[in-house]
file protein15.pdb (PDB, C-alpha atoms and all ligand atoms)
ATOM      1  CA  MET I   3       0.000   0.000   0.000  1.00  0.00           C
ATOM      2  CA  ILE I   4       1.461   3.289  -1.084  1.00  0.00           C
ATOM      3  CA  ASP I   5       0.577   6.725   0.186  1.00  0.00           C
ATOM      4  CA  SER I   6       2.347   8.935  -2.342  1.00  0.00           C
ATOM      5  CA  TYR I   7       2.927  12.702  -2.496  1.00  0.00           C
ATOM      6  CA  ARG I   8       0.158  12.796  -5.078  1.00  0.00           C
ATOM      7  CA  HIS I   9      -2.262  11.149  -2.657  1.00  0.00           C
ATOM      8  CA  LYS I  10      -1.202  13.582   0.068  1.00  0.00           C
ATOM      9  CA  GLY I  11      -1.751  16.504  -2.285  1.00  0.00           C
ATOM     10  CA  LEU I  12      -5.210  15.285  -3.269  1.00  0.00           C
ATOM     11  CA  ARG I  13      -6.037  14.811   0.405  1.00  0.00           C
ATOM     12  CA  LYS I  14      -5.065  18.398   1.160  1.00  0.00           C
ATOM     13  CA  LYS I  15      -7.520  19.541  -1.523  1.00  0.00           C
ATOM     14  CA  LEU I  16     -10.210  17.302  -0.040  1.00  0.00           C
ATOM     15  CA  VAL I  17      -9.649  18.949   3.354  1.00  0.00           C
ATOM     16  CA  GLU I  18     -10.163  22.364   1.725  1.00  0.00           C
ATOM     17  CA  THR I  19     -13.362  21.140   0.020  1.00  0.00           C
ATOM     18  CA  VAL I  20     -14.807  19.835   3.265  1.00  0.00           C
ATOM     19  CA  GLN I  21     -13.767  23.030   5.069  1.00  0.00           C
ATOM     20  CA  ASN I  22     -15.441  25.164   2.379  1.00  0.00           C
ATOM     21  CA  LYS I  23     -18.640  23.177   2.917  1.00  0.00           C
ATOM     22  CA  GLY I  24     -18.666  24.277   6.557  1.00  0.00           C
ATOM     23  CA  ILE I  25     -16.605  21.850   8.649  1.00  0.00           C
ATOM     24  CA  LYS I  26     -14.702  23.883  11.234  1.00  0.00           C
ATOM     25  CA  ASN I  27     -13.281  21.490  13.827  1.00  0.00           C
ATOM     26  CA  PRO I  28      -9.487  21.542  13.200  1.00  0.00           C
ATOM     27  CA  LYS I  29      -8.961  18.056  14.654  1.00  0.00           C
ATOM     28  CA  ILE I  30     -11.490  16.577  12.216  1.00  0.00           C
ATOM     29  CA  LEU I  31      -9.895  18.404   9.282  1.00  0.00           C
ATOM     30  CA  GLU I  32      -6.516  17.121  10.432  1.00  0.00           C
ATOM     31  CA  ALA I  33      -7.868  13.547  10.603  1.00  0.00           C
ATOM     32  CA  ILE I  34      -9.255  13.794   7.051  1.00  0.00           C
ATOM     33  CA  GLY I  35      -5.877  15.076   5.940  1.00  0.00           C
ATOM     34  CA  LYS I  36      -4.202  12.109   7.584  1.00  0.00           C
ATOM     35  CA  VAL I  37      -6.301   9.003   6.810  1.00  0.00           C
ATOM     36  CA  PRO I  38      -5.479   7.591   3.331  1.00  0.00           C
ATOM     37  CA  ARG I  39      -9.016   7.187   1.963  1.00  0.00           C
ATOM     38  CA  HIS I  40      -7.713   5.356  -1.111  1.00  0.00           C
ATOM     39  CA  TYR I  41      -6.826   2.363   1.128  1.00  0.00           C
ATOM     40  CA  PHE I  42     -10.541   1.995   1.909  1.00  0.00           C
ATOM     41  CA  MET I  43     -11.814   2.056  -1.669  1.00  0.00           C
ATOM     42  CA  ASP I  44     -12.652  -0.829  -3.984  1.00  0.00           C
ATOM     43  CA  SER I  45      -9.958  -1.276  -6.633  1.00  0.00           C
ATOM     44  CA  GLY I  46     -12.211   0.007  -9.439  1.00  0.00           C
ATOM     45  CA  PHE I  47     -12.685   3.365  -7.716  1.00  0.00           C
ATOM     46  CA  ILE I  48      -9.273   4.113  -6.184  1.00  0.00           C
ATOM     47  CA  GLU I  49      -8.578   6.985  -8.575  1.00  0.00           C
ATOM     48  CA  PHE I  50     -11.707   8.737  -7.256  1.00  0.00           C
ATOM     49  CA  ALA I  51     -10.752   8.326  -3.589  1.00  0.00           C
ATOM     50  CA  TYR I  52     -10.280  12.045  -2.984  1.00  0.00           C
ATOM     51  CA  ARG I  53     -13.515  13.181  -4.554  1.00  0.00           C
ATOM     52  CA  ASP I  54     -16.086  14.301  -2.042  1.00  0.00           C
ATOM     53  CA  GLN I  55     -18.473  11.499  -2.978  1.00  0.00           C
ATOM     54  CA  ALA I  56     -19.754   8.148  -1.741  1.00  0.00           C
ATOM     55  CA  PHE I  57     -18.580   5.045  -3.674  1.00  0.00           C
ATOM     56  CA  PRO I  58     -19.510   1.346  -3.760  1.00  0.00           C
ATOM     57  CA  ILE I  59     -17.472  -0.915  -1.438  1.00  0.00           C
ATOM     58  CA  GLY I  60     -19.116  -4.272  -2.224  1.00  0.00           C
ATOM     59  CA  ALA I  61     -22.110  -6.102  -0.709  1.00  0.00           C
ATOM     60  CA  GLY I  62     -24.327  -3.298  -2.075  1.00  0.00           C
ATOM     61  CA  GLN I  63     -22.866  -0.813   0.441  1.00  0.00           C
ATOM     62  CA  THR I  64     -20.959   2.456   0.150  1.00  0.00           C
ATOM     63  CA  ILE I  65     -18.103   4.339   1.763  1.00  0.00           C
ATOM     64  CA  SER I  66     -19.733   7.577   2.953  1.00  0.00           C
ATOM     65  CA  GLN I  67     -18.969  10.935   1.361  1.00  0.00           C
ATOM     66  CA  PRO I  68     -16.066  12.617   3.267  1.00  0.00           C
ATOM     67  CA  TYR I  69     -18.198  15.697   4.001  1.00  0.00           C
ATOM     68  CA  THR I  70     -20.865  13.451   5.565  1.00  0.00           C
ATOM     69  CA  VAL I  71     -18.221  11.643   7.630  1.00  0.00           C
ATOM     70  CA  ALA I  72     -16.877  15.008   8.820  1.00  0.00           C
ATOM     71  CA  PHE I  73     -20.373  16.361   9.525  1.00  0.00           C
ATOM     72  CA  GLN I  74     -21.432  13.337  11.578  1.00  0.00           C
ATOM     73  CA  THR I  75     -18.116  13.398  13.432  1.00  0.00           C
ATOM     74  CA  GLU I  76     -18.518  17.096  14.209  1.00  0.00           C
ATOM     75  CA  LEU I  77     -22.019  16.484  15.598  1.00  0.00           C
ATOM     76  CA  LEU I  78     -20.644  13.676  17.737  1.00  0.00           C
ATOM     77  CA  GLN I  79     -18.439  16.178  19.645  1.00  0.00           C
ATOM     78  CA  VAL I  80     -15.702  13.616  20.154  1.00  0.00           C
ATOM     79  CA  THR I  81     -13.295  14.140  23.018  1.00  0.00           C
ATOM     80  CA  ILE I  82     -10.180  12.088  23.668  1.00  0.00           C
ATOM     81  CA  HIS I  83     -10.858   8.664  25.279  1.00  0.00           C
ATOM     82  CA  ASP I  84     -14.571   8.824  24.403  1.00  0.00           C
ATOM     83  CA  LYS I  85     -16.034   5.331  24.263  1.00  0.00           C
ATOM     84  CA  ILE I  86     -17.899   5.252  20.948  1.00  0.00           C
ATOM     85  CA  LEU I  87     -20.212   2.662  19.413  1.00  0.00           C
ATOM     86  CA  GLU I  88     -20.290   2.841  15.608  1.00  0.00           C
ATOM     87  CA  ILE I  89     -23.051   1.036  13.722  1.00  0.00           C
ATOM     88  CA  GLY I  90     -22.007   0.134  10.182  1.00  0.00           C
ATOM     89  CA  THR I  91     -18.233  -0.431   9.920  1.00  0.00           C
ATOM     90  CA  GLY I  92     -18.525  -0.593   6.130  1.00  0.00           C
ATOM     91  CA  SER I  93     -15.131   0.268   4.660  1.00  0.00           C
ATOM     92  CA  GLY I  94     -13.720   1.233   8.080  1.00  0.00           C
ATOM     93  CA  TYR I  95     -12.991   4.825   6.976  1.00  0.00           C
ATOM     94  CA  GLN I  96     -15.274   6.569   9.491  1.00  0.00           C
ATOM     95  CA  CYS I  97     -13.895   4.303  12.198  1.00  0.00           C
ATOM     96  CA  ALA I  98     -10.322   5.383  11.346  1.00  0.00           C
ATOM     97  CA  ILE I  99     -11.350   9.053  11.632  1.00  0.00           C
ATOM     98  CA  LEU I 100     -12.807   8.433  15.121  1.00  0.00           C
ATOM     99  CA  LEU I 101      -9.631   6.624  16.195  1.00  0.00           C
ATOM    100  CA  GLU I 102      -7.527   9.546  14.929  1.00  0.00           C
ATOM    101  CA  LEU I 103      -9.484  11.751  17.346  1.00  0.00           C
ATOM    102  CA  GLY I 104      -8.350   9.592  20.250  1.00  0.00           C
ATOM    103  CA  ALA I 105     -11.607   7.717  20.798  1.00  0.00           C
ATOM    104  CA  LYS I 106     -11.980   4.093  21.834  1.00  0.00           C
ATOM    105  CA  VAL I 107     -14.207   2.595  19.137  1.00  0.00           C
ATOM    106  CA  TYR I 108     -16.538  -0.416  19.145  1.00  0.00           C
ATOM    107  CA  THR I 109     -17.749  -0.992  15.605  1.00  0.00           C
ATOM    108  CA  ILE I 110     -20.482  -3.358  14.353  1.00  0.00           C
ATOM    109  CA  GLU I 111     -21.102  -4.555  10.793  1.00  0.00           C
ATOM    110  CA  ARG I 112     -23.913  -6.872   9.654  1.00  0.00           C
ATOM    111  CA  GLN I 113     -22.340  -7.877   6.305  1.00  0.00           C
ATOM    112  CA  ARG I 114     -19.817 -10.619   6.974  1.00  0.00           C
ATOM    113  CA  GLU I 115     -17.813  -9.796   3.844  1.00  0.00           C
ATOM    114  CA  LEU I 116     -17.328  -6.166   4.924  1.00  0.00           C
ATOM    115  CA  TYR I 117     -16.708  -7.061   8.560  1.00  0.00           C
ATOM    116  CA  LEU I 118     -13.833  -9.353   7.518  1.00  0.00           C
ATOM    117  CA  LYS I 119     -12.444  -6.945   4.925  1.00  0.00           C
ATOM    118  CA  SER I 120     -12.411  -3.839   7.117  1.00  0.00           C
ATOM    119  CA  ARG I 121     -11.027  -5.754  10.104  1.00  0.00           C
ATOM    120  CA  THR I 122      -8.100  -6.995   8.035  1.00  0.00           C
ATOM    121  CA  LEU I 123      -7.461  -3.575   6.498  1.00  0.00           C
ATOM    122  CA  LEU I 124      -7.702  -1.499   9.681  1.00  0.00           C
ATOM    123  CA  ASN I 125      -5.419  -3.837  11.622  1.00  0.00           C
ATOM    124  CA  LYS I 126      -2.924  -3.869   8.757  1.00  0.00           C
ATOM    125  CA  ILE I 127      -2.641  -0.082   8.698  1.00  0.00           C
ATOM    126  CA  GLY I 128      -2.457   0.236  12.469  1.00  0.00           C
ATOM    127  CA  TYR I 129      -6.018   1.032  13.586  1.00  0.00           C
ATOM    128  CA  ASN I 130      -7.341  -1.122  16.389  1.00  0.00           C
ATOM    129  CA  PRO I 131     -10.989  -0.705  17.266  1.00  0.00           C
ATOM    130  CA  TYR I 132     -13.062  -3.547  18.746  1.00  0.00           C
ATOM    131  CA  PHE I 133     -14.778  -5.303  15.818  1.00  0.00           C
ATOM    132  CA  PHE I 134     -18.143  -7.026  15.994  1.00  0.00           C
ATOM    133  CA  TYR I 135     -20.079  -8.980  13.393  1.00  0.00           C
ATOM    134  CA  GLY I 136     -23.761  -8.621  14.208  1.00  0.00           C
ATOM    135  CA  ASP I 137     -26.940  -6.600  14.131  1.00  0.00           C
ATOM    136  CA  GLY I 138     -26.368  -3.007  15.163  1.00  0.00           C
ATOM    137  CA  TYR I 139     -30.022  -2.617  16.170  1.00  0.00           C
ATOM    138  CA  LYS I 140     -29.150  -4.638  19.266  1.00  0.00           C
ATOM    139  CA  GLY I 141     -25.969  -2.701  19.985  1.00  0.00           C
ATOM    140  CA  LEU I 142     -23.573  -4.129  22.553  1.00  0.00           C
ATOM    141  CA  ALA I 143     -25.371  -4.430  25.879  1.00  0.00           C
ATOM    142  CA  GLY I 144     -22.333  -6.135  27.437  1.00  0.00           C
ATOM    143  CA  GLN I 145     -20.034  -3.194  26.634  1.00  0.00           C
ATOM    144  CA  ALA I 146     -22.535  -0.391  27.363  1.00  0.00           C
ATOM    145  CA  PRO I 147     -22.826   2.396  28.327  1.00  0.00           C
ATOM    146  CA  PHE I 148     -21.207   4.478  25.587  1.00  0.00           C
ATOM    147  CA  ASP I 149     -20.308   8.175  25.621  1.00  0.00           C
ATOM    148  CA  LYS I 150     -21.358   8.414  21.995  1.00  0.00           C
ATOM    149  CA  ILE I 151     -23.210   6.288  19.460  1.00  0.00           C
ATOM    150  CA  LEU I 152     -22.798   6.894  15.727  1.00  0.00           C
ATOM    151  CA  ILE I 153     -25.102   5.260  13.200  1.00  0.00           C
ATOM    152  CA  THR I 154     -23.760   5.394   9.650  1.00  0.00           C
ATOM    153  CA  ALA I 155     -26.802   3.883   7.895  1.00  0.00           C
ATOM    154  CA  GLY I 156     -30.294   5.337   7.452  1.00  0.00           C
ATOM    155  CA  ALA I 157     -32.482   4.199  10.367  1.00  0.00           C
ATOM    156  CA  PRO I 158     -36.265   4.110   9.749  1.00  0.00           C
ATOM    157  CA  GLU I 159     -36.617   5.014  13.434  1.00  0.00           C
ATOM    158  CA  ILE I 160     -34.272   5.635  16.350  1.00  0.00           C
ATOM    159  CA  PRO I 161     -33.274   2.179  17.664  1.00  0.00           C
ATOM    160  CA  LYS I 162     -34.695   1.805  21.189  1.00  0.00           C
ATOM    161  CA  ASP I 163     -32.063  -0.651  22.441  1.00  0.00           C
ATOM    162  CA  LEU I 164     -29.332   1.797  21.510  1.00  0.00           C
ATOM    163  CA  LEU I 165     -30.911   4.653  23.456  1.00  0.00           C
ATOM    164  CA  LYS I 166     -30.563   2.536  26.602  1.00  0.00           C
ATOM    165  CA  GLN I 167     -26.870   1.980  25.858  1.00  0.00           C
ATOM    166  CA  LEU I 168     -26.100   5.708  25.829  1.00  0.00           C
ATOM    167  CA  LYS I 169     -24.539   7.278  28.935  1.00  0.00           C
ATOM    168  CA  ILE I 170     -26.462  10.039  30.678  1.00  0.00           C
ATOM    169  CA  GLY I 171     -24.866  13.152  29.172  1.00  0.00           C
ATOM    170  CA  GLY I 172     -24.005  11.181  26.042  1.00  0.00           C
ATOM    171  CA  ARG I 173     -25.024  11.791  22.442  1.00  0.00           C
ATOM    172  CA  MET I 174     -26.228   9.675  19.538  1.00  0.00           C
ATOM    173  CA  VAL I 175     -25.946  10.811  15.918  1.00  0.00           C
ATOM    174  CA  VAL I 176     -28.374   9.006  13.621  1.00  0.00           C
ATOM    175  CA  PRO I 177     -29.717   9.673  10.119  1.00  0.00           C
ATOM    176  CA  THR I 178     -33.430   8.913  10.491  1.00  0.00           C
ATOM    177  CA  GLY I 179     -35.813   8.141   7.654  1.00  0.00           C
ATOM    178  CA  GLY I 180     -36.572   5.731   4.863  1.00  0.00           C
ATOM    179  CA  SER I 181     -35.152   5.197   1.374  1.00  0.00           C
ATOM    180  CA  GLY I 182     -36.153   8.687   0.187  1.00  0.00           C
ATOM    181  CA  GLY I 183     -33.536  10.357   2.392  1.00  0.00           C
ATOM    182  CA  GLN I 184     -32.866  10.893   6.059  1.00  0.00           C
ATOM    183  CA  VAL I 185     -32.731  13.748   8.534  1.00  0.00           C
ATOM    184  CA  MET I 186     -29.495  13.915  10.466  1.00  0.00           C
ATOM    185  CA  THR I 187     -30.626  13.708  14.073  1.00  0.00           C
ATOM    186  CA  THR I 188     -28.790  14.143  17.356  1.00  0.00           C
ATOM    187  CA  VAL I 189     -30.201  12.571  20.497  1.00  0.00           C
ATOM    188  CA  ASP I 190     -28.821  13.790  23.815  1.00  0.00           C
ATOM    189  CA  ARG I 191     -29.496  11.710  26.888  1.00  0.00           C
ATOM    190  CA  ILE I 192     -30.415  14.252  29.551  1.00  0.00           C
ATOM    191  CA  SER I 193     -31.310  11.865  32.384  1.00  0.00           C
ATOM    192  CA  GLU I 194     -32.303   8.263  33.018  1.00  0.00           C
ATOM    193  CA  LYS I 195     -35.606   8.851  31.195  1.00  0.00           C
ATOM    194  CA  ASP I 196     -35.204  12.067  29.179  1.00  0.00           C
ATOM    195  CA  TYR I 197     -33.744  12.452  25.714  1.00  0.00           C
ATOM    196  CA  LYS I 198     -33.563  15.580  23.586  1.00  0.00           C
ATOM    197  CA  GLU I 199     -33.679  15.401  19.790  1.00  0.00           C
ATOM    198  CA  ASN I 200     -32.406  17.964  17.271  1.00  0.00           C
ATOM    199  CA  GLU I 201     -32.379  17.917  13.475  1.00  0.00           C
ATOM    200  CA  HIS I 202     -29.484  18.935  11.241  1.00  0.00           C
ATOM    201  CA  GLY I 203     -30.527  18.714   7.596  1.00  0.00           C
ATOM    202  CA  TYR I 204     -31.056  16.074   4.932  1.00  0.00           C
ATOM    203  CA  PHE I 205     -28.675  13.303   3.837  1.00  0.00           C
ATOM    204  CA  ALA I 206     -28.789  10.064   1.834  1.00  0.00           C
ATOM    205  CA  PHE I 207     -27.527   6.843   3.408  1.00  0.00           C
ATOM    206  CA  VAL I 208     -27.837   3.141   2.599  1.00  0.00           C
ATOM    207  CA  PRO I 209     -30.518   1.638   4.875  1.00  0.00           C
ATOM    208  CA  MET I 210     -29.938   0.252   8.352  1.00  0.00           C
ATOM    209  CA  LEU I 211     -31.191  -3.331   8.009  1.00  0.00           C
ATOM    210  CA  LYS I 212     -32.204  -5.923  10.605  1.00  0.00           C
ATOM    211  CA  GLY I 213     -30.318  -9.170  11.240  1.00  0.00           C
ATOM    212  CA  LYS I 214     -26.949 -10.104   9.739  1.00  0.00           C
ATOM    213  CA  GLN I 215     -25.698 -11.543   6.439  1.00  0.00           C
TER
HETATM  214  N1  LIG O   1     -19.068   3.892   8.252  1.00  0.00           N
HETATM  215  C1  LIG O   1     -19.002   3.312   6.932  1.00  0.00           C
HETATM  216  C2  LIG O   1     -20.274   3.574   6.168  1.00  0.00           C
HETATM  217  C3  LIG O   1     -20.724   2.361   5.443  1.00  0.00           C
HETATM  218  S1  LIG O   1     -22.372   2.417   4.813  1.00  0.00           S
HETATM  219  C4  LIG O   1     -17.778   3.783   6.172  1.00  0.00           C
HETATM  220  O1  LIG O   1     -17.108   4.715   6.623  1.00  0.00           O
HETATM  221  O2  LIG O   1     -17.464   3.209   5.139  1.00  0.00           O
HETATM  222  C5  LIG O   1     -23.315   1.756   6.153  1.00  0.00           C
HETATM  223  C6  LIG O   1     -22.930   0.362   6.624  1.00  0.00           C
HETATM  224  O3  LIG O   1     -23.900   0.003   7.621  1.00  0.00           O
HETATM  225  C7  LIG O   1     -22.973  -0.734   5.576  1.00  0.00           C
HETATM  226  O4  LIG O   1     -21.745  -1.387   5.538  1.00  0.00           O
HETATM  227  C8  LIG O   1     -24.090  -1.664   6.069  1.00  0.00           C
HETATM  228  O5  LIG O   1     -23.853  -3.030   5.797  1.00  0.00           O
HETATM  229  C9  LIG O   1     -24.093  -1.392   7.557  1.00  0.00           C
HETATM  230  N2  LIG O   1     -25.322  -1.715   8.270  1.00  0.00           N
HETATM  231  C10 LIG O   1     -26.624  -1.549   7.858  1.00  0.00           C
HETATM  232  N3  LIG O   1     -27.477  -1.983   8.802  1.00  0.00           N
HETATM  233  C11 LIG O   1     -26.717  -2.442   9.841  1.00  0.00           C
HETATM  234  C12 LIG O   1     -27.015  -3.046  11.097  1.00  0.00           C
HETATM  235  N4  LIG O   1     -28.267  -3.271  11.504  1.00  0.00           N
HETATM  236  N5  LIG O   1     -25.978  -3.389  11.900  1.00  0.00           N
HETATM  237  C13 LIG O   1     -24.690  -3.182  11.510  1.00  0.00           C
HETATM  238  N6  LIG O   1     -24.340  -2.640  10.330  1.00  0.00           N
HETATM  239  C14 LIG O   1     -25.340  -2.271   9.503  1.00  0.00           C
END

call {"tool": "encode", "arguments": {"input": "protein15.pdb", "output": "structure tokens"}}
result
Amino acid sequence: MIDSYRHKGLRKKLVETVQNKGIKNPKILEAIGKVPRHYFMDSGFIEFAYRDQAFPIGAGQTISQPYTVAFQTELLQVTIHDKILEIGTGSGYQCAILLELGAKVYTIERQRELYLKSRTLLNKIGYNPYFFYGDGYKGLAGQAPFDKILITAGAPEIPKDLLKQLKIGGRMVVPTGGSGGQVMTTVDRISEKDYKENEHGYFAFVPMLKGKQ
């Protein structure tokens, strides 16, 4: 795997693009400038790795658009040592960004092919989250509670089991809605019983599906 000067140059431009679209957090911009997105792409699309677009990664799934990754990460308000649950490992790119911010990441993927592929890749390039093959709707009750929960697939509704796995004072970021598009939603857990929701604009994600494959 080669990370050339050309790749680094393209990455710098990608950082500027994402910044021009409104991402301000310098640590997130730094992480985008650091993680070699071309490592996470399918061979047929490597030359497009530094375009601000989503691309197919196999199993009918996509690597999210860098701006979307940055936007969700910004909403997550990551602080160092945060314990984060990510639903939808996919290519592993978003996971790498969270690790660059100093978080401890637990990531779940329901597609066996992608779970195996991203686990191999991330470990090879030095990223070590905790990997799980399973249904993200159930979360990880045994490892809960989490400071933050990030869902990277479109959820028809906010998964109830996951709300319970959020720390009081913690935040979930979840695109909610069906196949026509989703509203980026933050859910803050205020107390044992109270949650506060806010909306942050429209996005398009692959659907969050039940069970595993
Ligand atoms: N974070 C990924 C985005 C991948 S797209 C990246 O940076 O590349 C969303 C991913 O969510 C897909 O890989 C899809 O298989 C997965 N997914 C969908 N429903 C899921 C569920 N219930 N549990 C776990 N993963 C799920």

call {"tool": "resolve_selection", "arguments": {"input": "protein15.pdb", "expression": "the PyMOL selection byres (((chain I and resi 69) around 8) and not hetatm)", "output": "VMD selection string"}}
result
chain I and resid 20 23 25 54 67 to 68 70 to 73

call {"tool": "closest_residue", "arguments": {"input": "protein15.pdb", "among": "I:Thr188, I:Ser120, I:Thr19, I:Gln79", "to": "I:Phe42", "atoms": "all atoms listed in the file"}}
result
I:Ser120

call {"tool": "residues_near_ligand", "arguments": {"input": "protein15.pdb", "ligand": "ligand LIG 1 (chain O)", "cutoff": "9 Å", "atoms": "all atoms listed in the file", "output": "number ranges by chain"}}
result
I: 42-43, 56, 59-68, 71, 88-99, 109-114, 116-117, 120, 134-141, 152-157, 207-215

call {"tool": "atom_distance", "arguments": {"input": "protein15.pdb", "atom1": "atom CA of I:Glu76", "atom2": "atom CA of I:Lys14"}}
result
18.8 Å

call {"tool": "closest_residue", "arguments": {"input": "protein15.pdb", "among": "I:Pro158, I:Pro58, I:Gly179, I:Gly172", "to": "I:Asp44", "atoms": "only C-alpha atoms"}}
result
I:Pro58
